[in-house]
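Below you'll find the structure, written out as structure tokens, and then a few comments.
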Amino acid sequence: MSTELESLAERLLHDRVSAAGGLCPKLAPTDAGIPDRLVIWEGRVYLVELKRPGGRVRPIQVAWHNRARRAGVDVVLLSGTVEVSAWLDGLGVPGLPPRHRRGGGRVRRLCD
């Protein structure tokens with residue numbers, strides 16, 4: 001089982017969708033089993049359940065996902081940052097721009 005945290009996948013999903021102009025609010029857990037995020041991209045709506053690699057979906061989550069699918073909503077289950085990136089690439093969501101380093105690219109040594 002991977003030690004990657006679910007929060008890393010959630011942050012990647014949110015940051016990429018938001019930076020590209022889409023919407024990706026976190027859903028309040030007001031109903032047991034509700035997916036983690038709502039993604040709105042290019043006129044499509046997705047409910048996204050995020051898990052760490054090797055994480056399991058609980059039966060209440062499966063039931064909620066099935067209800068949403070019967071209502072005509074796409075529900076996506078993604079495990080880890082690799083699956084999040086692949087799914088976003090498939091949707092055509094651009095990658096994040098490279099981060100600009102502060103200090104002209106120099107690394108400050110803190111332990112000298």
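Identifiers in the structure tokens: chain A, B, ... in order shown; residue index from 1 per chain; ligand index from 1 in order shown.
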
Next item on the list: From a DSSP pass on the backbone, collect the residues of chain A flagged as alpha helix (DSSP H) and hand them back as a ChimeraX atom specification.
Entry: /A:6-19,59-70,80-91

Arg52 (chain A): which residues within 12 Å, counting only C-alpha atoms, same-chain residues fewer than 6 positions away excluded, as an mmCIF file with C-alpha atoms, in the first residue's frame?
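Output below, filename selection.cif:
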data_model
loop_
_atom_site.group_PDB
_atom_site.id
_atom_site.type_symbol
_atom_site.label_atom_id
_atom_site.label_comp_id
_atom_site.auth_asym_id
_atom_site.auth_seq_id
_atom_site.Cartn_x
_atom_site.Cartn_y
_atom_site.Cartn_z
ATOM 1 C CA MET A 1 0.000 0.000 0.000
ATOM 2 C CA SER A 2 1.269 3.469 -0.857
ATOM 3 C CA THR A 3 2.004 6.089 1.762
ATOM 4 C CA GLU A 4 0.709 8.857 -0.518
ATOM 5 C CA LEU A 5 -1.997 10.866 1.221
ATOM 6 C CA GLU A 6 -5.447 11.374 -0.264
ATOM 7 C CA SER A 7 -5.021 15.103 0.387
ATOM 8 C CA LEU A 8 -2.247 15.271 -2.244
ATOM 9 C CA ALA A 9 -4.597 13.942 -4.919
ATOM 10 C CA GLU A 10 -7.326 16.312 -3.759
ATOM 11 C CA LEU A 77 -13.230 7.253 -8.526
ATOM 12 C CA LEU A 78 -9.571 8.270 -8.553
ATOM 13 C CA SER A 79 -6.792 6.737 -6.469
ATOM 14 C CA GLY A 80 -3.740 8.937 -6.018
ATOM 15 C CA THR A 81 -2.088 11.684 -7.985
ATOM 16 C CA VAL A 82 -1.206 9.471 -10.966
ATOM 17 C CA GLU A 83 -4.869 8.641 -11.615
ATOM 18 C CA VAL A 84 -5.933 12.256 -11.012
#

Next item on the list: DSSP on the backbone, then: every residue of region 18-101 of chain A marked strand (DSSP E), written as number ranges by chain.
Entry: A: 37-41, 44-51, 74-79

Per-residue nearest contacts of region 43-65 of chain A to region 21-36 of chain A (9 Å; only C-alpha atoms) as a tab-separated table:
residue	atom	partner	partner_atom	distance
A:Leu47	CA	A:Pro35	CA	6.1
A:Val48	CA	A:Pro35	CA	5.7
A:Glu49	CA	A:Pro35	CA	4.7
A:Leu50	CA	A:Asp36	CA	6.4
A:Arg58	CA	A:Gly33	CA	7.7
A:Pro59	CA	A:Gly33	CA	8.2
A:Ile60	CA	A:Gly33	CA	5.1
A:Gln61	CA	A:Gly33	CA	3.9
A:Val62	CA	A:Gly33	CA	7.5
A:Ala63	CA	A:Gly33	CA	7.5
A:Trp64	CA	A:Gly33	CA	5.6
A:His65	CA	A:Pro35	CA	7.6

Written file, previous selection with C-alpha atoms, as a compact mmCIF listing (two decimals), in the first residue's frame:
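Final output, saved to out-v9.txt:
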# COMPACT_ATOMS: atom_id res chain seq x y z
CA LEU A 47 -18.69 13.96 -8.86
CA VAL A 48 -15.21 12.83 -7.85
CA GLU A 49 -14.36 10.38 -5.08
CA LEU A 50 -10.69 10.50 -4.11
CA ARG A 58 -17.04 2.08 1.74
CA PRO A 59 -20.41 0.43 0.97
CA ILE A 60 -22.27 3.68 1.80
CA GLN A 61 -20.10 5.46 -0.78
CA VAL A 62 -20.85 2.82 -3.43
CA ALA A 63 -24.58 3.25 -2.72
CA TRP A 64 -24.33 7.05 -3.04
CA HIS A 65 -22.34 6.75 -6.28
